[in-house]
file query20.cif (mmCIF, C-alpha atoms)
data_target
loop_
_atom_site.label_atom_id
_atom_site.label_comp_id
_atom_site.auth_asym_id
_atom_site.auth_seq_id
_atom_site.Cartn_x
_atom_site.Cartn_y
_atom_site.Cartn_z
CA MET A 760 -48.95 17.36 7.73
CA SER A 761 -46.12 15.03 6.74
CA THR A 762 -42.50 16.16 6.53
CA GLU A 763 -42.77 15.94 2.72
CA GLN A 764 -45.80 18.24 2.75
CA ASN A 765 -44.00 20.66 5.08
CA MET A 766 -40.97 20.69 2.77
CA ALA A 767 -43.19 21.35 -0.25
CA LEU A 768 -44.91 24.21 1.61
CA ALA A 769 -41.54 25.79 2.51
CA ARG A 770 -40.42 25.51 -1.15
CA ARG A 771 -43.65 27.10 -2.42
CA PHE A 772 -43.29 29.89 0.14
CA LEU A 773 -39.72 30.67 -0.97
CA GLU A 774 -40.71 30.49 -4.64
CA ALA A 775 -43.64 32.87 -4.13
CA ARG A 776 -41.45 35.31 -2.22
CA ILE A 777 -38.72 35.24 -4.90
CA LYS A 778 -41.31 35.72 -7.67
CA GLY A 779 -42.85 38.63 -5.78
CA ASP A 780 -46.24 36.89 -5.54
CA LEU A 781 -47.30 38.92 -2.51
CA ASP A 782 -50.82 37.53 -2.16
CA THR A 783 -49.55 33.95 -2.09
CA VAL A 784 -46.82 34.85 0.41
CA TYR A 785 -49.45 36.47 2.66
CA GLU A 786 -51.86 33.52 2.40
CA MET A 787 -49.15 31.00 3.29
CA MET A 788 -48.41 32.62 6.68
CA THR A 789 -50.36 32.19 9.89
CA PRO A 790 -52.08 35.35 11.19
CA ASP A 791 -49.53 35.52 14.04
CA TYR A 792 -46.50 34.85 11.78
CA VAL A 793 -43.15 36.02 13.20
CA SER A 794 -39.94 36.57 11.26
CA HIS A 795 -36.75 36.31 13.29
CA ALA A 796 -34.72 37.05 10.14
CA LYS A 797 -34.65 40.79 9.60
CA LEU A 798 -33.68 41.37 5.97
CA LEU A 799 -34.20 45.12 5.75
CA PRO A 800 -33.71 47.83 8.40
CA ASP A 801 -37.37 48.99 8.39
CA GLN A 802 -38.88 45.50 8.31
CA GLN A 803 -41.53 44.61 10.84
CA PRO A 804 -41.38 40.99 12.11
CA ASP A 805 -44.97 40.13 11.11
CA ARG A 806 -46.94 39.15 8.00
CA GLU A 807 -47.13 42.73 6.75
CA GLY A 808 -43.38 43.11 7.18
CA GLU A 809 -42.72 39.91 5.23
CA LYS A 810 -45.01 41.06 2.44
CA TRP A 811 -43.32 44.50 2.44
CA VAL A 812 -39.84 42.93 2.11
CA ALA A 813 -40.98 40.75 -0.79
CA ALA A 814 -42.35 43.88 -2.50
CA GLN A 815 -39.07 45.79 -1.92
CA PHE A 816 -37.03 43.01 -3.51
CA ALA A 817 -39.46 42.66 -6.43
CA ALA A 818 -39.23 46.43 -7.04
CA ALA A 819 -35.40 46.34 -7.03
CA PHE A 820 -34.53 43.07 -8.79
CA SER A 821 -35.51 41.42 -12.04
CA ASN A 822 -34.68 38.00 -13.44
CA ARG A 823 -34.96 36.39 -9.98
CA ARG A 824 -34.09 32.68 -9.90
CA LEU A 825 -34.26 30.30 -6.94
CA LEU A 826 -32.11 27.20 -6.59
CA ILE A 827 -32.82 25.00 -3.57
CA GLU A 828 -29.65 23.11 -2.71
CA ASP A 829 -30.70 21.17 0.40
CA GLN A 830 -33.82 20.71 2.43
CA VAL A 831 -34.46 18.68 5.56
CA ALA A 832 -37.44 18.44 7.85
CA GLY A 833 -38.32 17.10 11.24
CA ALA A 834 -41.43 17.51 13.35
CA ASP A 835 -42.83 20.99 12.58
CA LYS A 836 -39.60 22.54 11.18
CA VAL A 837 -38.09 22.69 7.69
CA VAL A 838 -34.51 23.82 7.02
CA THR A 839 -33.74 24.99 3.50
CA ARG A 840 -30.37 25.98 2.04
CA PHE A 841 -30.76 27.90 -1.19
CA ILE A 842 -29.30 30.41 -3.64
CA VAL A 843 -31.09 33.29 -5.33
CA HIS A 844 -29.65 34.94 -8.42
CA ALA A 845 -31.17 38.28 -9.42
CA SER A 846 -30.30 41.38 -11.46
CA HIS A 847 -30.26 44.61 -9.46
CA ASP A 848 -31.62 46.76 -12.28
CA ARG A 849 -34.98 48.15 -11.19
CA GLY A 850 -34.74 50.24 -8.06
CA GLU A 851 -32.82 51.27 -4.99
CA LEU A 852 -32.54 48.87 -2.07
CA MET A 853 -30.81 49.55 1.27
CA GLY A 854 -29.50 52.82 -0.13
CA VAL A 855 -27.91 51.10 -3.13
CA ALA A 856 -28.80 52.41 -6.56
CA PRO A 857 -29.40 49.78 -9.26
CA THR A 858 -26.13 48.60 -10.80
CA GLY A 859 -27.46 46.21 -13.41
CA ARG A 860 -25.19 43.54 -11.92
CA GLU A 861 -26.39 40.10 -11.00
CA LEU A 862 -26.33 39.49 -7.26
CA THR A 863 -26.20 36.14 -5.54
CA ASN A 864 -27.79 35.51 -2.16
CA ARG A 865 -26.77 32.31 -0.42
CA ALA A 866 -29.06 31.62 2.50
CA ILE A 867 -30.33 29.14 5.04
CA VAL A 868 -33.80 29.46 6.54
CA VAL A 869 -35.75 27.52 9.11
CA HIS A 870 -39.55 27.54 8.89
CA ARG A 871 -41.87 26.38 11.65
CA ILE A 872 -45.12 25.12 10.23
CA VAL A 873 -48.46 25.03 12.02
CA GLU A 874 -51.59 23.55 10.43
CA GLY A 875 -50.28 23.88 6.88
CA LYS A 876 -49.01 27.46 7.19
CA ILE A 877 -45.69 29.14 7.91
CA ALA A 878 -45.76 30.36 11.53
CA GLU A 879 -42.14 31.44 12.06
CA GLU A 880 -38.95 31.97 10.11
CA TRP A 881 -35.30 32.21 11.13
CA GLY A 882 -32.61 32.74 8.55
CA MET A 883 -29.31 34.14 7.44
CA GLY A 884 -28.13 35.13 4.00
CA THR A 885 -25.40 37.02 2.19
CA ILE A 886 -27.52 39.69 0.44
CA GLY A 887 -27.26 42.25 3.27
CA ALA A 888 -23.45 42.14 3.29
CA THR A 889 -23.34 42.31 -0.50
CA LEU A 890 -25.59 45.37 -0.61
CA ARG A 891 -23.66 47.10 2.19
CA LYS A 892 -20.43 46.52 0.23
CA GLN A 893 -21.99 47.97 -2.93
CA ARG A 894 -23.29 51.00 -0.99
CA LEU A 895 -19.79 51.58 0.39
CA GLU A 896 -18.34 51.33 -3.13
CA GLN A 897 -20.92 53.86 -4.38
CA GLU A 898 -20.09 56.22 -1.52
CA ILE A 899 -16.36 55.94 -2.28
CA ARG A 900 -16.98 56.74 -5.96
CA GLU A 901 -19.17 59.70 -4.98
CA ARG A 902 -16.49 61.05 -2.62
CA GLU A 903 -13.86 60.67 -5.34
CA ARG A 904 -16.11 62.57 -7.78
CA ILE A 905 -16.68 65.37 -5.27
CA GLU A 906 -12.96 65.56 -4.49
CA GLN A 907 -12.20 65.84 -8.21
CA GLU A 908 -14.78 68.61 -8.60
CA LEU A 909 -13.26 70.46 -5.63
CA LYS A 910 -9.79 70.22 -7.23
CA VAL A 911 -11.13 71.74 -10.45
CA ALA A 912 -12.91 74.48 -8.47
CA ARG A 913 -9.68 75.26 -6.58
CA ARG A 914 -7.74 75.54 -9.86
CA ILE A 915 -10.38 77.87 -11.33
CA GLN A 916 -10.39 79.96 -8.16
CA GLN A 917 -6.58 80.13 -8.05
CA ALA A 918 -6.43 81.08 -11.75
CA SER A 919 -8.83 83.97 -11.18
CA LEU A 920 -6.66 85.51 -8.44
CA PRO A 921 -3.95 88.04 -9.38
CA LYS A 922 -0.34 86.80 -9.32
CA GLU A 923 0.73 89.67 -7.11
CA VAL A 924 -1.02 91.71 -4.45
CA PRO A 925 -2.17 94.92 -6.16
CA GLN A 926 -0.61 98.17 -4.92
CA LEU A 927 -3.25 100.82 -4.40
CA GLU A 928 -2.26 104.43 -3.89
CA GLY A 929 -3.11 105.75 -0.47
CA TRP A 930 -3.37 102.40 1.23
#
call {"tool": "encode", "arguments": {"input": "query20.cif", "output": "structure tokens"}}
result
Amino acid sequence: MSTEQNMALARRFLEARIKGDLDTVYEMMTPDYVSHAKLLPDQQPDREGEKWVAAQFAAAFSNRRLLIEDQVAGADKVVTRFIVHASHDRGELMGVAPTGRELTNRAIVVHRIVEGKIAEEWGMGTIGATLRKQRLEQEIRERERIEQELKVARRIQQASLPKEVPQLEGW
């Protein structure tokens, strides 16, 4: 395949993954596909793992949009720099409840192509750090809520206690 065909294949692969088109994603990978870019903690580095990750993102995000900023190719490799905008409004991902906010993932991936299919992927993006930050913010808010509830409980408990120690005859 030519470098132009390889670049087109890498674009179609990213588009299918962002759209959540799991069958197309699966078909575009070689049977021995390996991902060196672990997006989620439970991800396996094979075809099934890649399909699982695409399904997790599709279940968590709506309104997913892909913008390819740069793409270069040489021999059997294609490097793509891109941005994905998506609304986190459907489901939990990496322990983060949906916020309704739009998230931006800036990423660079390298695909190795063999006989018209994606054989390997390496990459790095910002989505993991963004989700970890949001999870930390949610945990802080939850701790603050619990602390506030404990303060109210302490006040109620203190109000129910007598002001003075009761004097009991014979004690």
call {"tool": "resolve_selection", "arguments": {"input": "query20.cif", "expression": "the PyMOL selection byres ((chain A and resi 853) around 12)", "output": "number ranges by chain"}}
result
A: 798-802, 812, 815-816, 819, 847, 850-852, 854-857, 886-895
call {"tool": "write_last_selection", "arguments": {"input": "query20.cif", "atoms": "C-alpha atoms", "output": "mmCIF file, in the frame of the given file"}}
result
data_model
loop_
_atom_site.group_PDB
_atom_site.id
_atom_site.type_symbol
_atom_site.label_atom_id
_atom_site.label_comp_id
_atom_site.auth_asym_id
_atom_site.auth_seq_id
_atom_site.Cartn_x
_atom_site.Cartn_y
_atom_site.Cartn_z
ATOM 1 C CA LEU A 798 -33.680 41.370 5.970
ATOM 2 C CA LEU A 799 -34.200 45.120 5.750
ATOM 3 C CA PRO A 800 -33.710 47.830 8.400
ATOM 4 C CA ASP A 801 -37.370 48.990 8.390
ATOM 5 C CA GLN A 802 -38.880 45.500 8.310
ATOM 6 C CA VAL A 812 -39.840 42.930 2.110
ATOM 7 C CA GLN A 815 -39.070 45.790 -1.920
ATOM 8 C CA PHE A 816 -37.030 43.010 -3.510
ATOM 9 C CA ALA A 819 -35.400 46.340 -7.030
ATOM 10 C CA HIS A 847 -30.260 44.610 -9.460
ATOM 11 C CA GLY A 850 -34.740 50.240 -8.060
ATOM 12 C CA GLU A 851 -32.820 51.270 -4.990
ATOM 13 C CA LEU A 852 -32.540 48.870 -2.070
ATOM 14 C CA GLY A 854 -29.500 52.820 -0.130
ATOM 15 C CA VAL A 855 -27.910 51.100 -3.130
ATOM 16 C CA ALA A 856 -28.800 52.410 -6.560
ATOM 17 C CA PRO A 857 -29.400 49.780 -9.260
ATOM 18 C CA ILE A 886 -27.520 39.690 0.440
ATOM 19 C CA GLY A 887 -27.260 42.250 3.270
ATOM 20 C CA ALA A 888 -23.450 42.140 3.290
ATOM 21 C CA THR A 889 -23.340 42.310 -0.500
ATOM 22 C CA LEU A 890 -25.590 45.370 -0.610
ATOM 23 C CA ARG A 891 -23.660 47.100 2.190
ATOM 24 C CA LYS A 892 -20.430 46.520 0.230
ATOM 25 C CA GLN A 893 -21.990 47.970 -2.930
ATOM 26 C CA ARG A 894 -23.290 51.000 -0.990
ATOM 27 C CA LEU A 895 -19.790 51.580 0.390
#
call {"tool": "atom_distance", "arguments": {"input": "query20.cif", "atom1": "atom CA of A:Lys836", "atom2": "atom CA of A:His870"}}
result
5.5 Å
call {"tool": "residues_around", "arguments": {"input": "query20.cif", "residues": "A:Gly875", "least_positions_apart": "3", "cutoff": "8 Å", "atoms": "all atoms listed in the file", "output": "PyMOL selection string"}}
result
chain A and resi 760+765+768+872
call {"tool": "resolve_selection", "arguments": {"input": "query20.cif", "expression": "the PyMOL selection byres ((chain A and resi 762) around 10)", "output": "MDAnalysis selection string"}}
result
chainID A and resid 760:761 763:768 831:837
call {"tool": "resolve_selection", "arguments": {"input": "query20.cif", "expression": "the PyMOL selection byres ((chain A and resi 775) around 12)", "output": "ChimeraX atom specification"}}
result
/A:768-774,776-788,809-810,813-814,817,823-825
call {"tool": "closest_residue", "arguments": {"input": "query20.cif", "among": "A:Thr858, A:Arg806, A:Ala818, A:Met883", "to": "A:Arg840", "atoms": "all atoms listed in the file"}}
result
A:Met883
call {"tool": "atom_distance", "arguments": {"input": "query20.cif", "atom1": "atom CA of A:Arg849", "atom2": "atom CA of A:Asn864"}}
result
17.1 Å
call {"tool": "atom_distance", "arguments": {"input": "query20.cif", "atom1": "atom CA of A:Ile915", "atom2": "atom CA of A:Glu928"}}
result
28.8 Å
call {"tool": "axis_aligned_box", "arguments": {"input": "query20.cif", "around": "stretch 773-783 of chain A", "padding_each_side": "3 Å", "output": "JSON"}}
result
{"center_x": -44.8, "center_y": 34.7, "center_z": -4.3, "size_x": 18.1, "size_y": 14.4, "size_z": 12.7}
call {"tool": "closest_residue", "arguments": {"input": "query20.cif", "among": "A:Gln907, A:Gly882, A:Leu826, A:Glu861", "to": "A:Val838", "atoms": "only C-alpha atoms"}}
result
A:Gly882
